[in-house]
Amino acid sequence: MSELIEALTDPAFPFLRNALFIGLLASAAFGVLGTFVVARRITYMADAMAHCVLGGIGAAVLLRYNYGCSWLHPLWGAWVAALTAALCIGLISFFAQEREDTVISLVWVGGVALGLLFLERAHPPPGEPAIEPLSYLFGDILLITRDDLRLVAILDLVVLVAAAVFYNKLAAVCFDEEFAALRGIPSKVYFLLLLCLTALTIVLLVRVVGILLVVALTTLPAALAGRVARHLWQMMLLAAVLCAALVTGGVLASYHFETRAGPTVVLLAVAAYGAAAAVGAAYRRLRLRRGGPVAR
């Protein structure tokens, strides 16, 4: 533990501090939006949006390298792609005559394919280091910069403010969309808003855990919190705390064991959920043997 504390305070290891800061910043948004995602059961949509992010990153890198847009940060491309995917998926789920799961899969693979093609065509100018696509697919704490921190802080604030302002409407859409519509709430509009906020949240931790694994932090802390919380706001608060703890523990463990931060964070989350599920199953069996009521 002393080695980890020294590493966090050592000026030679800014990437470790940046990874922790970016994870802690994003945890609040992950707790809030992850709760909505789990309650509305749209994890598959969140996963599709996460994979479409690669298309936006590839487009931003191509414009940055080949067309002189040196100001364009790859995460801005991720942000645009995630929002576009959210709107497409939402509109498809409302109006398309095709099977929803099939069309969402097409959006998913199309975004990944475009991203790979864009990155293949991108050629960095002399003197500028090439952007490694794997760092976005699997996460890489070595590449987190202060620019990433500032961008994540802005997105985090946008997500939290929007979720707070529209909390009641989003909660109604998550639990009973038809009842919300009967009460005069434009449920389709707020469902699209929920998808867009989820897309922004996904972008927040792409640098730490990567595109392939970011959806795990969108759902697992909220699912864990849902096992004990009785109210939606309690679930959000606990999910945010759990997400912060998982990111902190995973980043520090990755430094100690010299592993990638992203997979380490996610495996820690999977282990935590597995342990909670095992304890819950044991508790239910014990209650059944004693003839008492079985808790959720």
# chains A, B, ... in the order shown; residues from 1 in each chain; ligands from 1
$ closest_atom_pairs --of "region 68-160 of chain A" --to "region 261-284 of chain A" --cutoff "12 Å" --atoms "only C-alpha atoms" --output "JSON lines"
{"residue": "A:Leu134", "atom": "CA", "partner": "A:Gly262", "partner_atom": "CA", "distance": 11.5}
{"residue": "A:Ser135", "atom": "CA", "partner": "A:Gly262", "partner_atom": "CA", "distance": 9.8}
{"residue": "A:Tyr136", "atom": "CA", "partner": "A:Gly262", "partner_atom": "CA", "distance": 10.2}
{"residue": "A:Leu137", "atom": "CA", "partner": "A:Gly262", "partner_atom": "CA", "distance": 9.5}
{"residue": "A:Phe138", "atom": "CA", "partner": "A:Gly262", "partner_atom": "CA", "distance": 6.1}
{"residue": "A:Gly139", "atom": "CA", "partner": "A:Gly262", "partner_atom": "CA", "distance": 5.4}
{"residue": "A:Asp140", "atom": "CA", "partner": "A:Ala261", "partner_atom": "CA", "distance": 6.8}
{"residue": "A:Ile141", "atom": "CA", "partner": "A:Ala261", "partner_atom": "CA", "distance": 6.7}
{"residue": "A:Leu142", "atom": "CA", "partner": "A:Ala261", "partner_atom": "CA", "distance": 9.6}
{"residue": "A:Leu143", "atom": "CA", "partner": "A:Ala261", "partner_atom": "CA", "distance": 11.7}
{"residue": "A:Ile144", "atom": "CA", "partner": "A:Ala261", "partner_atom": "CA", "distance": 11.8}
$ residues_around --residues "Val214 (chain A)" --least-positions-apart "4" --cutoff "12 Å" --atoms "only C-alpha atoms" --output "PyMOL selection string"
chain A and resi 23+26-27+30+34+43+46-51+53+136-139+198-210+218-221+243+247+261-263+265-267+269
$ atom_distance --atom1 "CA of Arg287 (chain A)" --atom2 "CA of His231 (chain A)"
23.4 Å
$ atom_distance --atom1 "CA of His256 (chain A)" --atom2 "CA of Ile22 (chain A)"
19.0 Å
$ residues_around --residues "Leu170 (chain A)" --least-positions-apart "3" --cutoff "9 Å" --atoms "only C-alpha atoms" --output "number ranges by chain"
A: 36, 163, 166-167, 173-175, 187, 190-191, 193-194
$ atom_distance --atom1 "CA of Arg260 (chain A)" --atom2 "CA of Asp148 (chain A)"
18.4 Å
$ select_by_dssp --residues "region 7-235 of chain A" --states "helix (DSSP H, G or I)" --output "PyMOL selection string"
chain A and resi 7-9+14-40+43-66+74-95+100-121+133-138+141-143+146-165+167-175+177-182+187-204+206-209+214-226+232-235
$ closest_residue --among "A:Leu197, A:Ala113, A:Leu157, A:Val152" --to "Ala19 (chain A)" --atoms "only C-alpha atoms"
A:Val152
$ residues_around --residues "Leu242 (chain A)" --least-positions-apart "3" --cutoff "8 Å" --atoms "only C-alpha atoms" --output "list in words"
Pro221, Ala225, Leu238, Ala239, Ala245 and Leu246 of chain A
$ closest_residue --among "A:Ile57, A:Asp156, A:Ile92, A:Arg183" --to "Glu132 (chain A)" --atoms "only C-alpha atoms"
A:Ile57
